[in-house]
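Undergrad: Here you go, upload.pdb (PDB, C-alpha atoms):
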```
MODEL        1
ATOM      1  CA  MET L   1      30.586  -1.238  -9.015
ATOM      2  CA  ASP L   2      30.098  -2.813  -5.635
ATOM      3  CA  ALA L   3      26.664  -3.931  -4.642
ATOM      4  CA  LYS L   4      25.199  -1.134  -2.541
ATOM      5  CA  LYS L   5      23.319  -1.733   0.649
ATOM      6  CA  GLU L   6      19.771  -0.463   0.593
ATOM      7  CA  SER L   7      20.366   1.760   3.614
ATOM      8  CA  GLU L   8      22.872   3.790   1.652
ATOM      9  CA  ASN L   9      20.151   5.266  -0.540
ATOM     10  CA  PRO L  10      17.080   5.314   1.659
ATOM     11  CA  THR L  11      13.582   5.518   0.243
ATOM     12  CA  ALA L  12      11.453   8.192   1.884
ATOM     13  CA  ALA L  13       7.670   8.408   1.673
ATOM     14  CA  GLN L  14       5.510  11.218   2.897
ATOM     15  CA  ARG L  15       1.950  12.444   2.686
ATOM     16  CA  LYS L  16       2.891  15.847   1.372
ATOM     17  CA  SER L  17      -0.584  17.312   1.450
ATOM     18  CA  ASP L  18      -4.225  16.308   1.763
ATOM     19  CA  ARG L  19      -4.134  14.764  -1.677
ATOM     20  CA  GLU L  20      -0.519  14.032  -2.409
ATOM     21  CA  MET L  21       1.901  11.206  -1.635
ATOM     22  CA  VAL L  22       5.596  11.715  -2.367
ATOM     23  CA  VAL L  23       8.356   9.133  -2.544
ATOM     24  CA  THR L  24      12.027  10.091  -2.979
ATOM     25  CA  ARG L  25      15.112   8.027  -3.652
ATOM     26  CA  THR L  26      18.620   8.609  -4.990
ATOM     27  CA  PHE L  27      20.183   6.193  -7.470
ATOM     28  CA  ASN L  28      23.865   5.693  -8.180
ATOM     29  CA  GLY L  29      23.766   6.396 -11.879
ATOM     30  CA  PRO L  30      23.110   9.143 -14.399
ATOM     31  CA  ALA L  31      19.540  10.275 -15.119
ATOM     32  CA  ARG L  32      19.812   8.907 -18.642
ATOM     33  CA  ILE L  33      20.222   5.364 -17.298
ATOM     34  CA  VAL L  34      17.629   5.663 -14.542
ATOM     35  CA  PHE L  35      15.103   7.054 -17.024
ATOM     36  CA  LYS L  36      15.820   4.195 -19.387
ATOM     37  CA  ALA L  37      14.993   1.706 -16.625
ATOM     38  CA  TRP L  38      11.613   3.433 -16.076
ATOM     39  CA  THR L  39      10.686   3.546 -19.734
ATOM     40  CA  THR L  40      11.783   0.225 -21.248
ATOM     41  CA  PRO L  41       9.279  -2.612 -20.713
ATOM     42  CA  GLU L  42      11.962  -5.328 -20.545
ATOM     43  CA  LEU L  43      13.752  -3.341 -17.852
ATOM     44  CA  LEU L  44      10.571  -2.391 -15.970
ATOM     45  CA  LYS L  45       9.828  -6.079 -15.751
ATOM     46  CA  GLN L  46      13.082  -6.605 -13.889
ATOM     47  CA  TRP L  47      12.298  -4.298 -10.998
ATOM     48  CA  TRP L  48       8.618  -3.271 -10.780
ATOM     49  CA  ALA L  49       7.532  -6.586  -9.266
ATOM     50  CA  PRO L  50      10.415  -7.808  -7.103
ATOM     51  CA  LYS L  51      10.003 -11.200  -5.463
ATOM     52  CA  SER L  52       9.594  -9.726  -2.011
ATOM     53  CA  LEU L  53       6.284  -8.143  -3.032
ATOM     54  CA  GLY L  54       4.798 -11.527  -3.785
ATOM     55  CA  ILE L  55       3.563 -10.559  -7.233
ATOM     56  CA  THR L  56       4.735 -11.629 -10.653
ATOM     57  CA  PHE L  57       4.496  -9.964 -14.015
ATOM     58  CA  ILE L  58       2.210 -11.636 -16.496
ATOM     59  CA  SER L  59       2.712  -8.936 -19.081
ATOM     60  CA  CYS L  60       4.191  -5.472 -19.254
ATOM     61  CA  GLU L  61       3.390  -3.085 -22.069
ATOM     62  CA  ALA L  62       4.531   0.511 -22.019
ATOM     63  CA  ASP L  63       4.480   2.850 -24.982
ATOM     64  CA  VAL L  64       6.404   5.619 -23.307
ATOM     65  CA  ARG L  65       5.684   8.795 -25.245
ATOM     66  CA  THR L  66       3.208  11.596 -24.651
ATOM     67  CA  GLY L  67      -0.224  10.112 -25.318
ATOM     68  CA  GLY L  68       1.102   6.568 -25.248
ATOM     69  CA  SER L  69      -0.422   4.014 -22.901
ATOM     70  CA  TYR L  70       0.790   1.329 -20.540
ATOM     71  CA  ARG L  71      -0.673  -1.842 -19.188
ATOM     72  CA  PHE L  72       0.907  -3.942 -16.424
ATOM     73  CA  VAL L  73      -0.678  -7.270 -15.566
ATOM     74  CA  PHE L  74       0.316  -9.110 -12.405
ATOM     75  CA  GLY L  75      -0.446 -12.396 -10.785
ATOM     76  CA  HIS L  76      -0.840 -12.546  -7.027
ATOM     77  CA  PRO L  77      -1.269 -15.654  -4.882
ATOM     78  CA  SER L  78      -4.148 -14.084  -2.935
ATOM     79  CA  SER L  79      -6.290 -13.471  -5.999
ATOM     80  CA  GLU L  80      -7.277 -15.847  -8.753
ATOM     81  CA  GLN L  81      -7.805 -13.028 -11.196
ATOM     82  CA  PRO L  82      -4.746 -11.337 -12.564
ATOM     83  CA  MET L  83      -4.583  -7.658 -11.705
ATOM     84  CA  ALA L  84      -4.263  -5.136 -14.496
ATOM     85  CA  PHE L  85      -3.004  -1.605 -14.047
ATOM     86  CA  PHE L  86      -3.188   0.789 -16.904
ATOM     87  CA  GLY L  87      -3.225   4.390 -17.984
ATOM     88  CA  LYS L  88      -1.677   6.943 -20.287
ATOM     89  CA  TYR L  89       1.550   8.859 -20.324
ATOM     90  CA  ILE L  90       0.526  12.490 -20.431
ATOM     91  CA  GLU L  91       4.013  13.963 -20.360
ATOM     92  CA  VAL L  92       7.333  12.445 -21.310
ATOM     93  CA  ILE L  93      10.514  14.531 -21.187
ATOM     94  CA  PRO L  94      13.504  12.273 -21.834
ATOM     95  CA  ASP L  95      15.837  11.830 -18.851
ATOM     96  CA  ALA L  96      13.867  14.368 -16.824
ATOM     97  CA  ARG L  97      10.155  13.820 -16.303
ATOM     98  CA  LEU L  98       7.346  11.303 -16.655
ATOM     99  CA  VAL L  99       3.665  11.883 -15.941
ATOM    100  CA  TRP L 100       1.075   9.145 -16.177
ATOM    101  CA  THR L 101      -2.512   8.492 -15.217
ATOM    102  CA  ASN L 102      -3.718   5.502 -13.202
ATOM    103  CA  GLU L 103      -7.008   4.536 -14.761
ATOM    104  CA  GLU L 104      -7.803   1.062 -13.451
ATOM    105  CA  GLY L 105      -9.626   2.601 -10.486
ATOM    106  CA  GLY L 106     -11.853   4.801 -12.637
ATOM    107  CA  GLU L 107     -12.130   8.425 -11.637
ATOM    108  CA  THR L 108     -10.403   7.973  -8.320
ATOM    109  CA  GLY L 109      -7.017   7.279  -9.871
ATOM    110  CA  ALA L 110      -4.021   9.405  -8.983
ATOM    111  CA  VAL L 111      -1.825  11.159 -11.498
ATOM    112  CA  THR L 112       1.790  10.124 -11.011
ATOM    113  CA  THR L 113       4.649  12.505 -11.751
ATOM    114  CA  VAL L 114       8.218  11.260 -11.627
ATOM    115  CA  THR L 115      11.143  13.652 -11.942
ATOM    116  CA  PHE L 116      14.759  12.639 -12.528
ATOM    117  CA  GLU L 117      17.384  15.096 -11.383
ATOM    118  CA  GLU L 118      21.049  14.334 -11.912
ATOM    119  CA  ILE L 119      23.422  15.586  -9.234
ATOM    120  CA  GLY L 120      27.097  14.655  -9.490
ATOM    121  CA  GLY L 121      26.546  11.437 -11.398
ATOM    122  CA  LYS L 122      23.709  10.360  -9.109
ATOM    123  CA  THR L 123      20.013  10.779  -9.806
ATOM    124  CA  LEU L 124      17.390  12.003  -7.397
ATOM    125  CA  VAL L 125      14.010  10.524  -8.258
ATOM    126  CA  VAL L 126      10.907  12.213  -6.852
ATOM    127  CA  MET L 127       7.613  10.438  -7.430
ATOM    128  CA  ARG L 128       4.355  12.244  -6.681
ATOM    129  CA  ASP L 129       0.907  10.691  -6.651
ATOM    130  CA  LEU L 130      -1.666  13.436  -6.843
ATOM    131  CA  TYR L 131      -5.171  12.238  -5.964
ATOM    132  CA  PRO L 132      -8.319  13.956  -7.196
ATOM    133  CA  SER L 133      -9.366  14.848  -3.645
ATOM    134  CA  LYS L 134      -8.493  14.449   0.017
ATOM    135  CA  GLU L 135     -11.382  12.003   0.381
ATOM    136  CA  VAL L 136      -9.989   9.688  -2.269
ATOM    137  CA  LEU L 137      -6.593   9.494  -0.574
ATOM    138  CA  ASP L 138      -8.215   9.080   2.835
ATOM    139  CA  ASP L 139     -10.270   6.217   1.440
ATOM    140  CA  ALA L 140      -7.224   4.587  -0.091
ATOM    141  CA  ILE L 141      -5.519   4.733   3.285
ATOM    142  CA  ALA L 142      -8.585   3.488   5.117
ATOM    143  CA  SER L 143      -9.074   0.556   2.778
ATOM    144  CA  GLY L 144      -5.463  -0.437   3.195
ATOM    145  CA  SER L 145      -5.603  -0.382   6.950
ATOM    146  CA  THR L 146      -9.013  -0.650   8.595
ATOM    147  CA  GLY L 147      -9.720  -2.694   5.495
ATOM    148  CA  GLY L 148      -7.514  -5.172   7.279
ATOM    149  CA  PHE L 149     -10.558  -6.032   9.344
ATOM    150  CA  ASN L 150     -12.196  -7.996   6.618
ATOM    151  CA  GLU L 151     -13.172 -11.600   6.291
ATOM    152  CA  GLU L 152      -9.717 -12.591   5.165
ATOM    153  CA  MET L 153      -8.139 -11.073   8.220
ATOM    154  CA  PHE L 154     -10.635 -12.717  10.506
ATOM    155  CA  ALA L 155     -10.039 -16.056   8.868
ATOM    156  CA  GLN L 156      -6.383 -15.510   9.514
ATOM    157  CA  LEU L 157      -7.051 -14.587  13.099
ATOM    158  CA  ASP L 158      -9.104 -17.733  13.532
ATOM    159  CA  GLU L 159      -6.214 -19.722  12.163
ATOM    160  CA  LEU L 160      -3.889 -18.020  14.565
ATOM    161  CA  LEU L 161      -6.187 -18.847  17.447
ATOM    162  CA  VAL L 162      -6.234 -22.481  16.440
ATOM    163  CA  THR L 163      -2.459 -22.532  16.100
ATOM    164  CA  LEU L 164      -2.133 -21.138  19.576
ATOM    165  CA  GLY L 165      -4.264 -23.995  20.780
ATOM    166  CA  GLY L 166      -6.736 -21.775  22.545
ATOM    167  CA  GLY L 167      -9.636 -22.211  20.202
ATOM    168  CA  LYS L 168     -12.301 -19.592  20.527
ATOM    169  CA  GLN L 169     -12.960 -18.320  23.967
ATOM    170  CA  GLU L 170     -15.896 -16.268  24.965
ATOM    171  CA  ALA L 171     -14.332 -13.483  26.933
ATOM    172  CA  GLU L 172     -17.514 -12.426  28.621
TER     173      GLU L 172
ATOM    174  CA  MET I   1       0.521   4.335  -8.771
ATOM    175  CA  ARG I   2      -2.029   4.275  -6.045
ATOM    176  CA  THR I   3      -4.177   1.396  -7.101
ATOM    177  CA  ALA I   4      -1.239  -0.597  -8.329
ATOM    178  CA  VAL I   5       0.271  -0.286  -4.918
ATOM    179  CA  ARG I   6      -2.754  -1.166  -2.887
ATOM    180  CA  PRO I   7      -2.959  -4.905  -3.421
ATOM    181  CA  HIS I   8       0.762  -5.199  -2.864
ATOM    182  CA  ILE I   9       0.429  -3.271   0.315
ATOM    183  CA  LEU I  10      -1.914  -5.897   1.646
ATOM    184  CA  ASN I  11       1.045  -8.175   2.178
ATOM    185  CA  TYR I  12       2.649  -5.681   4.434
ATOM    186  CA  MET I  13      -0.590  -4.837   6.146
ATOM    187  CA  VAL I  14      -1.087  -8.486   6.980
ATOM    188  CA  GLN I  15       2.321  -8.643   8.603
ATOM    189  CA  TYR I  16       1.693  -5.427  10.414
ATOM    190  CA  GLN I  17      -1.745  -6.452  11.607
ATOM    191  CA  GLN I  18      -0.399  -9.719  12.893
ATOM    192  CA  THR I  19       1.913  -7.985  15.323
ATOM    193  CA  ARG I  20      -0.929  -5.746  16.329
ATOM    194  CA  PHE I  21      -3.158  -8.719  16.952
ATOM    195  CA  ASP I  22      -1.453  -9.338  20.239
ATOM    196  CA  ALA I  23      -2.986  -6.189  21.665
ATOM    197  CA  SER I  24      -6.398  -6.784  20.189
ATOM    198  CA  PHE I  25      -6.472 -10.474  20.756
ATOM    199  CA  ALA I  26      -9.099 -10.825  23.429
ATOM    200  CA  ALA I  27     -11.260  -8.226  21.780
ATOM    201  CA  LEU I  28     -11.253 -10.031  18.464
ATOM    202  CA  SER I  29     -11.573 -13.560  19.771
ATOM    203  CA  ASP I  30     -15.330 -13.179  19.930
ATOM    204  CA  ALA I  31     -17.547 -13.578  16.888
ATOM    205  CA  THR I  32     -20.038 -10.913  17.972
ATOM    206  CA  ARG I  33     -17.336  -8.355  18.491
ATOM    207  CA  ARG I  34     -15.892  -9.105  15.087
ATOM    208  CA  GLY I  35     -19.344  -8.617  13.669
ATOM    209  CA  VAL I  36     -19.625  -5.304  15.478
ATOM    210  CA  LEU I  37     -16.349  -4.145  13.941
ATOM    211  CA  GLU I  38     -17.524  -5.119  10.490
ATOM    212  CA  GLN I  39     -20.795  -3.340  11.078
ATOM    213  CA  LEU I  40     -19.024  -0.189  12.241
ATOM    214  CA  GLY I  41     -16.775  -0.441   9.217
ATOM    215  CA  ARG I  42     -19.892   0.218   7.163
ATOM    216  CA  ALA I  43     -21.415   2.942   9.326
ATOM    217  CA  ASP I  44     -21.363   4.369  12.812
ATOM    218  CA  ALA I  45     -24.088   2.999  15.053
ATOM    219  CA  SER I  46     -25.560   3.468  18.486
ATOM    220  CA  ILE I  47     -25.328   0.740  21.102
ATOM    221  CA  THR I  48     -29.085   0.268  20.761
ATOM    222  CA  ASP I  49     -28.727  -0.257  16.984
ATOM    223  CA  LEU I  50     -25.985  -2.782  17.550
ATOM    224  CA  ALA I  51     -27.920  -4.615  20.262
ATOM    225  CA  ASP I  52     -30.875  -4.902  17.866
ATOM    226  CA  LYS I  53     -28.743  -6.058  14.970
ATOM    227  CA  PHE I  54     -27.063  -8.780  16.997
ATOM    228  CA  HIS I  55     -30.197  -9.731  18.930
ATOM    229  CA  MET I  56     -28.683  -8.929  22.267
ATOM    230  CA  THR I  57     -29.608  -7.067  25.388
ATOM    231  CA  LEU I  58     -28.356  -3.521  25.757
ATOM    232  CA  THR I  59     -26.206  -4.608  28.699
ATOM    233  CA  GLY I  60     -24.649  -7.435  26.725
ATOM    234  CA  MET I  61     -23.790  -5.132  23.837
ATOM    235  CA  LYS I  62     -22.413  -2.518  26.209
ATOM    236  CA  LYS I  63     -19.998  -5.136  27.513
ATOM    237  CA  HIS I  64     -18.824  -6.046  24.029
ATOM    238  CA  VAL I  65     -18.378  -2.427  23.024
ATOM    239  CA  GLY I  66     -16.478  -1.842  26.265
ATOM    240  CA  VAL I  67     -13.989  -4.587  25.377
ATOM    241  CA  LEU I  68     -13.522  -3.185  21.880
ATOM    242  CA  GLU I  69     -13.123   0.294  23.278
ATOM    243  CA  GLN I  70     -10.424  -0.834  25.684
ATOM    244  CA  ALA I  71      -8.532  -2.436  22.822
ATOM    245  CA  GLY I  72      -8.698   0.878  20.985
ATOM    246  CA  LEU I  73     -10.678  -0.663  18.151
ATOM    247  CA  VAL I  74     -13.805   1.379  18.781
ATOM    248  CA  THR I  75     -14.481   4.819  20.176
ATOM    249  CA  THR I  76     -17.795   5.941  21.596
ATOM    250  CA  GLN I  77     -19.293   9.322  22.104
ATOM    251  CA  LYS I  78     -22.401  10.196  24.023
ATOM    252  CA  ILE I  79     -24.563  12.804  22.420
ATOM    253  CA  GLY I  80     -27.688  13.494  24.422
ATOM    254  CA  ARG I  81     -28.989  10.106  25.456
ATOM    255  CA  VAL I  82     -27.444   8.187  22.603
ATOM    256  CA  ARG I  83     -23.992   6.630  22.706
ATOM    257  CA  THR I  84     -22.590   6.409  19.187
ATOM    258  CA  CYS I  85     -19.882   3.915  18.341
ATOM    259  CA  LYS I  86     -17.367   4.245  15.548
ATOM    260  CA  LEU I  87     -14.293   2.423  14.384
ATOM    261  CA  GLY I  88     -11.379   4.042  15.578
ATOM    262  CA  ALA I  89      -8.956   5.953  17.560
ATOM    263  CA  ARG I  90      -6.167   4.550  15.526
ATOM    264  CA  ARG I  91      -6.623   6.581  12.403
ATOM    265  CA  LEU I  92      -3.399   8.523  12.607
ATOM    266  CA  GLU I  93      -1.481   5.470  13.590
ATOM    267  CA  GLU I  94      -3.051   3.659  10.686
ATOM    268  CA  GLU I  95      -2.142   6.408   8.291
ATOM    269  CA  ALA I  96       1.456   6.216   9.478
ATOM    270  CA  ALA I  97       1.381   2.455   9.018
ATOM    271  CA  TRP I  98      -0.102   2.782   5.547
ATOM    272  CA  ILE I  99       2.581   5.257   4.535
ATOM    273  CA  GLU I 100       5.241   2.941   5.888
ATOM    274  CA  SER I 101       3.791   0.068   3.869
ATOM    275  CA  TYR I 102       3.713   2.260   0.810
ATOM    276  CA  ARG I 103       7.328   3.220   1.439
ATOM    277  CA  ARG I 104       8.349  -0.410   1.782
ATOM    278  CA  VAL I 105       6.731  -1.341  -1.513
ATOM    279  CA  TRP I 106       8.747   1.329  -3.274
ATOM    280  CA  ALA I 107      11.906   0.575  -1.300
ATOM    281  CA  ALA I 108      11.651  -3.044  -2.460
ATOM    282  CA  ARG I 109      11.168  -1.938  -6.064
ATOM    283  CA  PHE I 110      13.991   0.553  -5.902
ATOM    284  CA  ASP I 111      16.399  -1.998  -4.471
ATOM    285  CA  ALA I 112      15.633  -4.121  -7.511
ATOM    286  CA  LEU I 113      16.022  -1.036  -9.708
ATOM    287  CA  ASP I 114      19.513  -0.471  -8.247
ATOM    288  CA  LYS I 115      20.525  -3.795  -9.753
ATOM    289  CA  VAL I 116      19.077  -2.906 -13.152
ATOM    290  CA  ILE I 117      21.001   0.377 -13.083
ATOM    291  CA  GLU I 118      24.263  -1.336 -12.139
ATOM    292  CA  GLU I 119      23.731  -3.758 -14.996
ATOM    293  CA  LEU I 120      23.043  -0.954 -17.483
ATOM    294  CA  LYS I 121      26.131   0.921 -16.329
ATOM    295  CA  ARG I 122      28.243  -2.193 -16.744
ATOM    296  CA  LYS I 123      26.859  -2.733 -20.233
ATOM    297  CA  GLU I 124      27.559   0.852 -21.235
ATOM    298  CA  LYS I 125      31.144   0.508 -20.083
ATOM    299  CA  THR I 126      31.641  -2.672 -22.061
ATOM    300  CA  ASP I 127      29.943  -1.215 -25.145
ATOM    301  CA  GLY I 128      32.035   1.943 -24.781
ATOM    302  CA  ARG I 129      35.197  -0.111 -24.754
ATOM    303  CA  LYS I 130      34.101  -1.999 -27.860
ATOM    304  CA  LYS I 131      33.415   1.233 -29.704
ATOM    305  CA  ARG I 132      36.817   2.633 -28.856
ATOM    306  CA  LYS I 133      38.550  -0.370 -30.365
TER     307      LYS I 133
ENDMDL
END
```
Translate this structure into structure tokens?
TA:
Amino acid sequence: MDAKKESENPTAAQRKSDREMVVTRTFNGPARIVFKAWTTPELLKQWWAPKSLGITFISCEADVRTGGSYRFVFGHPSSEQPMAFFGKYIEVIPDARLVWTNEEGGETGAVTTVTFEEIGGKTLVVMRDLYPSKEVLDDAIASGSTGGFNEEMFAQLDELLVTLGGGKQEAE
Amino acid sequence: MRTAVRPHILNYMVQYQQTRFDASFAALSDATRRGVLEQLGRADASITDLADKFHMTLTGMKKHVGVLEQAGLVTTQKIGRVRTCKLGARRLEEEAAWIESYRRVWAARFDALDKVIEELKRKEKTDGRKKRK
């Protein structure tokens, strides 16, 4: 198989409703293989934390069966503490469907449902994050964006100002 | 995985915010105004509240809020005699940006997943051939 360009199978993301995010993507392979890559820790490790995201796997445990649990631990240059993400698989239908909880955030965690649908040798993957309420998703969005205006961002801005040689100017 | 995604999204948000900084540059180059933004990040406030908090005259604070408002970082609304300030105006834009960051995180993962799938397919082919022998 030739290496495929990313544009050939675009990833789409959408806020489907007040409390739901949906990501879709088609993969050039049968559902059986795609499902295997989502449910085998050694394989998950190869794609869940690609270099471009700036995180690295420290450990990856996934007991993929109904009632089984998972725990992903990552290192990230911006935090000294490793980050752990964990939850339970609440539904596992081989080659077709995975549902898991996201429990590291306490009660505000989304429930993730991934479906695998094979069409002509390709697999359409639909991933839904269902949040407990509109407010929780709104907050997640707000903390990822206006949350940009935090000390770290300001420090960065200061740095930028210094780099530009202007120093701080009082624009009164 | 919402929370799993969030820290990773920060990377993208940083890049995104940096391009946006151009527009907000003057507004953010002042320590008081940055303080005002932080304050409004916690709760809406009137100009009087803000003037008190930053030990400034009402006129001085009005000027700062005016600069922030022009940069689109703050919106104000006058109700009765009180002008209330809140972070803002860019909510929808921010939501779109957040979704795009979210999409990029998954796009990056899925590009890596493509490779895993190709590898698995190759292995299956080889194994299949071995079995047939």
Undergrad: Once the PyMOL selection byres ((chain L and resi 50) around 12) has been applied to the shown file, what residues remain in the selection, as a PDB file with C-alpha atoms, in the coordinates of the input?
TA:
```pdb
ATOM      1  CA  LEU L  44      10.571  -2.391 -15.970  1.00  0.00           C
ATOM      2  CA  LYS L  45       9.828  -6.079 -15.751  1.00  0.00           C
ATOM      3  CA  GLN L  46      13.082  -6.605 -13.889  1.00  0.00           C
ATOM      4  CA  TRP L  47      12.298  -4.298 -10.998  1.00  0.00           C
ATOM      5  CA  TRP L  48       8.618  -3.271 -10.780  1.00  0.00           C
ATOM      6  CA  ALA L  49       7.532  -6.586  -9.266  1.00  0.00           C
ATOM      7  CA  LYS L  51      10.003 -11.200  -5.463  1.00  0.00           C
ATOM      8  CA  SER L  52       9.594  -9.726  -2.011  1.00  0.00           C
ATOM      9  CA  LEU L  53       6.284  -8.143  -3.032  1.00  0.00           C
ATOM     10  CA  GLY L  54       4.798 -11.527  -3.785  1.00  0.00           C
ATOM     11  CA  ILE L  55       3.563 -10.559  -7.233  1.00  0.00           C
ATOM     12  CA  THR L  56       4.735 -11.629 -10.653  1.00  0.00           C
ATOM     13  CA  PHE L  57       4.496  -9.964 -14.015  1.00  0.00           C
ATOM     14  CA  PHE L  74       0.316  -9.110 -12.405  1.00  0.00           C
TER      15      PHE L  74
ATOM     16  CA  HIS I   8       0.762  -5.199  -2.864  1.00  0.00           C
ATOM     17  CA  ARG I 104       8.349  -0.410   1.782  1.00  0.00           C
ATOM     18  CA  VAL I 105       6.731  -1.341  -1.513  1.00  0.00           C
ATOM     19  CA  TRP I 106       8.747   1.329  -3.274  1.00  0.00           C
ATOM     20  CA  ALA I 107      11.906   0.575  -1.300  1.00  0.00           C
ATOM     21  CA  ALA I 108      11.651  -3.044  -2.460  1.00  0.00           C
ATOM     22  CA  ARG I 109      11.168  -1.938  -6.064  1.00  0.00           C
ATOM     23  CA  PHE I 110      13.991   0.553  -5.902  1.00  0.00           C
ATOM     24  CA  ASP I 111      16.399  -1.998  -4.471  1.00  0.00           C
ATOM     25  CA  ALA I 112      15.633  -4.121  -7.511  1.00  0.00           C
ATOM     26  CA  LEU I 113      16.022  -1.036  -9.708  1.00  0.00           C
ATOM     27  CA  ASP I 114      19.513  -0.471  -8.247  1.00  0.00           C
ATOM     28  CA  LYS I 115      20.525  -3.795  -9.753  1.00  0.00           C
ATOM     29  CA  VAL I 116      19.077  -2.906 -13.152  1.00  0.00           C
TER      30      VAL I 116
END
```
Undergrad: For chain L, which of I:Glu38, I:Asp44, I:Glu69, I:Asp49 is the closest residue, counting all atoms listed in the file?
TA: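 Under the stated criterion, the closest residue is I:Glu38.
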Undergrad: Using the chain letters and residue numbers of this document, give as a ChimeraX atom specification the residues selected by the PyMOL selection byres ((chain I and resi 54-66) around 9).
TA: /L:172 /I:27,30,32-33,35-36,47-53,67-71,74-76,85
Undergrad: Please measure the separation of CA of Val136 in chain L and CA of Glu94 in chain I, giving the value in Å to one decimal.
TA: 15.9 Å
Undergrad: Applied to the shown file, which residues does the PyMOL selection byres ((chain L and resi 116) around 8) return, written as a list in words?
TA: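 With the shown file as input, the PyMOL selection byres ((chain L and resi 116) around 8) matches Ala31, Val34, Phe35, Asp95, Ala96, Arg97, Val114, Thr115, Glu117, Glu118, Thr123, Leu124, Val125 and Val126 of chain L.
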Undergrad: Between L:Ala37, L:Arg32, L:Lys134, L:Ser69, which one has atoms that come closest to chain I, using all atoms listed in the file?
TA: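 So, comparing all the options, the nearest one is L:Ala37.
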Undergrad: Could you jot down the CA of Cys60 in chain L to CA of Val73 in chain L separation for me, Å, one decimal place?
TA: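 Atom-to-atom, CA of Cys60 in chain L and CA of Val73 in chain L are spaced 6.4 Å apart.
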Undergrad: May I ask which of the residues L:Lys122, L:Lys88, L:Arg71, L:Arg15 is the closest one to chain I, counting all atoms listed in the file?
TA: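 Checking each of L:Lys122, L:Lys88, L:Arg71, L:Arg15 against chain I, counting all atoms listed in the file, the winner is L:Arg15.
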Undergrad: Name the closest residue to chain L among the candidates I:Glu124, I:Leu40, I:Trp98, I:Lys130; distances are taken between atoms, counting all atoms listed in the file.
TA: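 Selected residue with least distance to chain L: I:Trp98.
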Undergrad: Box time for range 81-84 of chain I: axis-aligned, enclosing all its listed atoms, 6 Å extra on each side; report centre and edge lengths in Å to one decimal, as lines of an AutoDock Vina configuration file.
TA:
```
center_x = -25.8
center_y = 8.3
center_z = 22.3
size_x = 18.4
size_y = 15.7
size_z = 18.3
```
Undergrad: Give as number ranges by chain each residue that has an atom at most 10 Å from (15.2, 12.5, -0.8) in the file, counting all atoms listed in the file.
TA: L: 9-13, 22-26, 124-126
Undergrad: Report the distance between CA of Ile93 in chain L and CA of Lys123 in chain I in Å, rounded to one decimal place.
TA: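 One can read the CA of Ile93 in chain L to CA of Lys123 in chain I distance as 23.8 Å.
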Undergrad: Which of these, I:Gly80, I:Gly88, I:Gly72, I:Gly128, has the shortest distance to chain L once you count only C-alpha atoms?
TA: I:Gly88
Undergrad: For chain L, which residue among I:Ala45, I:Ile79, I:Thr126, I:Leu28 is the nearest when counting all atoms listed in the file?
TA: I:Leu28
Undergrad: What would range 38-49 of chain L look like with N, CA and C atoms in place, written as a CSV table (one decimal), keeping the file's coordinate frame?
TA:
```
chain,number,residue,atom,x,y,z
L,38,TRP,N,13.0,3.1,-16.3
L,38,TRP,CA,11.6,3.4,-16.1
L,38,TRP,C,10.8,3.4,-17.4
L,39,THR,N,11.4,3.4,-18.5
L,39,THR,CA,10.7,3.5,-19.7
L,39,THR,C,10.9,2.4,-20.7
L,40,THR,N,11.6,1.4,-20.3
L,40,THR,CA,11.8,0.2,-21.2
L,40,THR,C,11.1,-1.0,-20.6
L,41,PRO,N,10.1,-1.5,-21.3
L,41,PRO,CA,9.3,-2.6,-20.7
L,41,PRO,C,10.1,-3.8,-20.2
L,42,GLU,N,11.1,-4.2,-21.0
L,42,GLU,CA,12.0,-5.3,-20.5
L,42,GLU,C,12.7,-5.0,-19.2
L,43,LEU,N,13.0,-3.7,-19.1
L,43,LEU,CA,13.8,-3.3,-17.9
L,43,LEU,C,12.8,-3.2,-16.7
L,44,LEU,N,11.6,-2.6,-17.0
L,44,LEU,CA,10.6,-2.4,-16.0
L,44,LEU,C,10.2,-3.7,-15.3
L,45,LYS,N,10.2,-4.7,-16.2
L,45,LYS,CA,9.8,-6.1,-15.8
L,45,LYS,C,10.8,-6.6,-14.7
L,46,GLN,N,12.0,-6.1,-14.8
L,46,GLN,CA,13.1,-6.6,-13.9
L,46,GLN,C,13.0,-6.0,-12.5
L,47,TRP,N,12.3,-4.9,-12.3
L,47,TRP,CA,12.3,-4.3,-11.0
L,47,TRP,C,10.9,-3.9,-10.4
L,48,TRP,N,9.9,-3.8,-11.3
L,48,TRP,CA,8.6,-3.3,-10.8
L,48,TRP,C,7.9,-4.3,-9.9
L,49,ALA,N,8.2,-5.6,-10.1
L,49,ALA,CA,7.5,-6.6,-9.3
L,49,ALA,C,8.6,-7.5,-8.6
```
